[in-house]
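Notes follow once the structure below has been shown.
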Amino acid sequence: MDNLSMPIDAVVTWVDGDDINHREKRRRYTSADELSNDDIGGEIRFKSVGEIRYCLASILRFAPFIRKIFIVTDNQDPRIWDFIEEKFPDRKTEIELVDHKVIFRGYESCLPVFNSLAIESVLWRIPGLAERFVYFNDDVMLAAPVKPEDFFAGDRLVCYASRMSWHFASFLRWAKHIGKRHKVFGFKYSMVNAADVLGRHDYFLRFDHIPHMLLRDVLEDYYSKHPEVLSANISHRFRDPSQYNPQELCYLLAESQGRAVVRSGQGNLLYIYPRRKKNYIDDKIRKFDTCLDTIFLCINSLNNASPEDVRKVLSWLDKRLMLRDE
């Protein structure tokens, strides 16, 4: 089959951290240490300024070939329906909410869960999900028109990453642990952990905060043979340094089976992490507007930015995604 005859779905994970019920539920299961750590249970991990709308709009605007968008939530409604109907009245892409109870069926003891790595480990269990799907965190979006070939080459996924030495990364993690009371959690080290799970001690595929192209059968087949690996990763309600990144697991498995195309991610991503540095947002927007290769965008922790910078970013997104009436 070619790319046009094989459906591609999108999966978006989303949480409304300001929802009173969700906040209280989170606090019941959070220790003092976890609450004070923004990488694990701190409020910042669950805050948003409406990024979900821009994520969905970017898919509908720049990837109209996507068959269906699944929004994975914890008994919440993103309330995007009027917005979608107003801005995309002719869309052909269906949008469906999927509750955590659905993808954690058979593992109900793991709920409630506030852990992105645990949730990502079971996305492939969404009923009706296409064999080929693209995973978006809600602060990740498309920044320009894309083609199916940017995501998949037939039944092979496209992985935007670079190969990094497992030995070097493991040494850096060990060095950071020295003298620290807690183990270091890091995005990169969750990738190292995935290589460990597979017994790969040569290299891992280092990627950034971008959409991830995944193959459902690769994950389903591996976990059916190694259910203990799945159980271990979804047993943590909050992120834990022992966890592995399930996207990395899929990439390494697919590559070993000849079902992954590894491309350089250099220049494909614009990453915005709001800071107090003067002109930071202006410089980032200017960089994107002059870079023709950028197709992915991640805006991390926008709620931490100043009101003026939030306004600048959202105004720029409105224009970029053609959401504003001129």
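Residue names in the structure tokens use chain letters A, B, ... in the order shown, residue numbers from 1 in each chain, and ligand numbers from 1 in the order shown.
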
Show which residues sit within 7 Å of range 165-176 of chain A, as a compact mmCIF listing (two decimals) with N, CA, C and O atoms, in the first residue's frame. Count only C-alpha atoms, and ignore same-chain residues fewer than 4 positions away.
```txt
# COMPACT_ATOMS: atom_id res chain seq x y z
N VAL A 184 17.94 11.86 39.37
CA VAL A 184 17.66 12.90 38.38
C VAL A 184 16.67 12.37 37.35
O VAL A 184 16.89 11.31 36.77
N VAL A 192 17.21 6.80 27.32
CA VAL A 192 18.27 5.86 27.70
C VAL A 192 17.65 4.63 28.35
O VAL A 192 18.05 3.48 28.08
N HIS A 201 22.95 -1.22 24.26
CA HIS A 201 23.95 -0.42 24.96
C HIS A 201 24.96 0.16 23.99
O HIS A 201 26.14 0.33 24.33
N ASP A 202 24.49 0.45 22.76
CA ASP A 202 25.36 1.11 21.80
C ASP A 202 24.93 2.56 21.60
O ASP A 202 25.66 3.49 21.90
N TYR A 203 23.70 2.76 21.14
CA TYR A 203 23.19 4.12 20.97
C TYR A 203 21.68 4.12 21.19
O TYR A 203 21.02 3.09 21.23
N PHE A 204 21.15 5.33 21.34
CA PHE A 204 19.70 5.52 21.35
C PHE A 204 19.39 6.66 20.40
O PHE A 204 20.29 7.37 19.93
```

Please provide as a ChimeraX atom specification all residues within 10 Å of Phe88 in chain A, with the sequence filter that same-chain residues fewer than 5 positions apart are discarded (counting only C-alpha atoms).
/A:57,60-61,82-83,93,323

Looking at A:Met141, A:Val15, A:Ile20, A:Val134, which one is nearest to Ile69 in chain A, with distances taken over only C-alpha atoms?
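Smallest separation from Ile69 in chain A among the options: A:Val134.
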
With DSSP run on the backbone, what are the strand (DSSP E or B) residues within range 3-240 of chain A? I'd like them as a VMD selection string.
chain A and resid 8 to 13 68 to 73 94 to 99 132 to 137 140 to 142 152 to 153 156 to 160 162 to 165 203 to 206 212 to 215

Near Ala232 in chain A, within 12 Å and counting only C-alpha atoms, which residues show up once chain neighbours fewer than 2 positions away are dropped, as a list in words?
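Everything that qualifies: Tyr107, Cys110, Leu117, Ala118, Ser121, Val197, Tyr223, His226, Pro227, Glu228, Val229, Leu230, Ile234, Ser235, His236, Arg237, Asp240, Ser242, Gln243, Tyr244 and Pro246 of chain A.
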
Based on the backbone DSSP call, show me all residues of range 183-324 of chain A assigned helix (DSSP H, G or I), as a PyMOL selection string.
chain A and resi 187-197+216-225+227-234+246-256+280-290+302-304+307-320

Nearest to Thr13 in chain A: which of A:Ser301, A:Asn193, A:Asn75, A:Ser116 is it, counting only C-alpha atoms?
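Among A:Ser301, A:Asn193, A:Asn75, A:Ser116, it is A:Ser116 that comes nearest to Thr13 in chain A.
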
With distances taken over only C-alpha atoms, which residue among A:Arg286, A:Lys68, A:Lys147, A:Lys188 lies nearest Ile126 in chain A?
A:Lys68

If you count only C-alpha atoms, which residues fall within 12 Å of Met6 in chain A, apart from same-chain ones fewer than 6 positions away, as a PyMOL selection string?
chain A and resi 65-67+130-133+148-149+151-156

Among listed residues A:Asp9, A:Asn304, A:Lys92, A:Ser109, nearest Pro127 in chain A (using only C-alpha atoms):
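Of A:Asp9, A:Asn304, A:Lys92, A:Ser109, the one nearest Pro127 in chain A is A:Asp9, counting only C-alpha atoms.
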
Distance query His212 in chain A at most 10 Å, only C-alpha atoms, self and fewer than 4 positions along chain excluded, as a PyMOL selection string
chain A and resi 10-11+133-137+151+157-160+207-208+247-248+250-251

Could you tell me which of A:Ile84, A:Leu205, A:Ile8, A:Met191 comes closest to Ser264 in chain A if we count only C-alpha atoms?
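Ranking A:Ile84, A:Leu205, A:Ile8, A:Met191 by distance to Ser264 in chain A, first place goes to A:Leu205.
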
Just checking: using only C-alpha atoms, which residue out of A:Arg239, A:Ser231, A:Phe62, A:Ile295 ends up closest to Arg91 in chain A?
A:Phe62

Compile the contact shell of Pro274 in chain A as a CSV table (one decimal) with N, CA, C and O atoms, in the first residue's frame: residues with an atom at most 9 Å away, counting only C-alpha atoms, same-chain residues fewer than 3 positions apart removed.
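Output file selection-v3.csv is given in full below:
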```
chain,number,residue,atom,x,y,z
A,277,LYS,N,14.1,36.6,29.7
A,277,LYS,CA,15.1,37.3,28.9
A,277,LYS,C,14.4,38.3,27.9
A,277,LYS,O,13.5,37.9,27.2
A,280,TYR,N,13.1,37.7,24.1
A,280,TYR,CA,13.1,36.2,23.8
A,280,TYR,C,12.0,35.8,22.8
A,280,TYR,O,12.3,35.2,21.8
A,281,ILE,N,10.8,36.2,23.1
A,281,ILE,CA,9.7,35.7,22.3
A,281,ILE,C,9.8,36.4,20.9
A,281,ILE,O,9.6,35.7,19.9
A,299,ILE,N,5.6,24.8,22.3
A,299,ILE,CA,5.5,25.9,23.2
A,299,ILE,C,5.4,25.4,24.6
A,299,ILE,O,4.3,25.1,25.1
A,300,ASN,N,6.5,25.4,25.4
A,300,ASN,CA,6.5,24.7,26.7
A,300,ASN,C,6.3,25.7,27.8
A,300,ASN,O,6.9,26.8,27.8
A,301,SER,N,5.3,25.4,28.7
A,301,SER,CA,5.0,26.2,29.9
A,301,SER,C,4.7,27.7,29.5
A,301,SER,O,5.3,28.6,30.1
A,302,LEU,N,3.9,27.9,28.5
A,302,LEU,CA,3.5,29.2,28.1
A,302,LEU,C,2.8,30.0,29.3
A,302,LEU,O,2.9,31.2,29.4
A,303,ASN,N,2.2,29.2,30.2
A,303,ASN,CA,1.5,29.9,31.3
A,303,ASN,C,2.5,30.6,32.3
A,303,ASN,O,2.1,31.4,33.1
A,304,ASN,N,3.8,30.3,32.1
A,304,ASN,CA,4.8,30.9,32.9
A,304,ASN,C,5.3,32.3,32.4
A,304,ASN,O,6.0,33.0,33.0
A,305,ALA,N,4.9,32.5,31.1
A,305,ALA,CA,5.3,33.8,30.5
A,305,ALA,C,4.6,35.0,31.0
A,305,ALA,O,3.5,34.9,31.6
A,306,SER,N,5.1,36.1,30.7
A,306,SER,CA,4.4,37.4,31.1
A,306,SER,C,3.1,37.5,30.2
A,306,SER,O,3.0,36.9,29.1
A,309,ASP,N,3.9,38.5,26.7
A,309,ASP,CA,4.5,37.5,25.9
A,309,ASP,C,3.4,36.4,25.5
A,309,ASP,O,3.5,35.9,24.4
A,310,VAL,N,2.5,36.1,26.4
A,310,VAL,CA,1.4,35.2,26.1
A,310,VAL,C,0.6,35.8,24.9
A,310,VAL,O,0.3,35.1,23.9
```

Could you pull the residues within 6 Å of Thr294 in chain A, counting only C-alpha atoms, minus those fewer than 4 positions along the same chain, as a PDB file with all heavy atoms, in the first residue's frame?
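File written: around_25.pdb
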```
ATOM      1  N   GLY A 267      16.693  21.744  12.469  1.00  0.00           N
ATOM      2  CA  GLY A 267      15.998  22.759  11.689  1.00  0.00           C
ATOM      3  C   GLY A 267      14.515  22.527  11.519  1.00  0.00           C
ATOM      4  O   GLY A 267      13.808  23.397  11.004  1.00  0.00           O
ATOM      5  N   ASN A 268      14.000  21.369  11.965  1.00  0.00           N
ATOM      6  CA  ASN A 268      12.582  21.077  11.783  1.00  0.00           C
ATOM      7  C   ASN A 268      11.704  21.606  12.912  1.00  0.00           C
ATOM      8  O   ASN A 268      10.484  21.654  12.774  1.00  0.00           O
ATOM      9  CB  ASN A 268      12.359  19.561  11.673  1.00  0.00           C
ATOM     10  CG  ASN A 268      12.835  19.003  10.355  1.00  0.00           C
ATOM     11  OD1 ASN A 268      12.583  19.601   9.320  1.00  0.00           O
ATOM     12  ND2 ASN A 268      13.515  17.873  10.388  1.00  0.00           N
ATOM     13  N   LEU A 269      12.307  21.973  14.041  1.00  0.00           N
ATOM     14  CA  LEU A 269      11.553  22.336  15.225  1.00  0.00           C
ATOM     15  C   LEU A 269      11.850  23.749  15.683  1.00  0.00           C
ATOM     16  O   LEU A 269      13.005  24.172  15.711  1.00  0.00           O
ATOM     17  CB  LEU A 269      11.883  21.367  16.372  1.00  0.00           C
ATOM     18  CG  LEU A 269      11.369  21.740  17.768  1.00  0.00           C
ATOM     19  CD1 LEU A 269       9.855  21.600  17.844  1.00  0.00           C
ATOM     20  CD2 LEU A 269      12.043  20.889  18.839  1.00  0.00           C
TER      21      LEU A 269
END
```
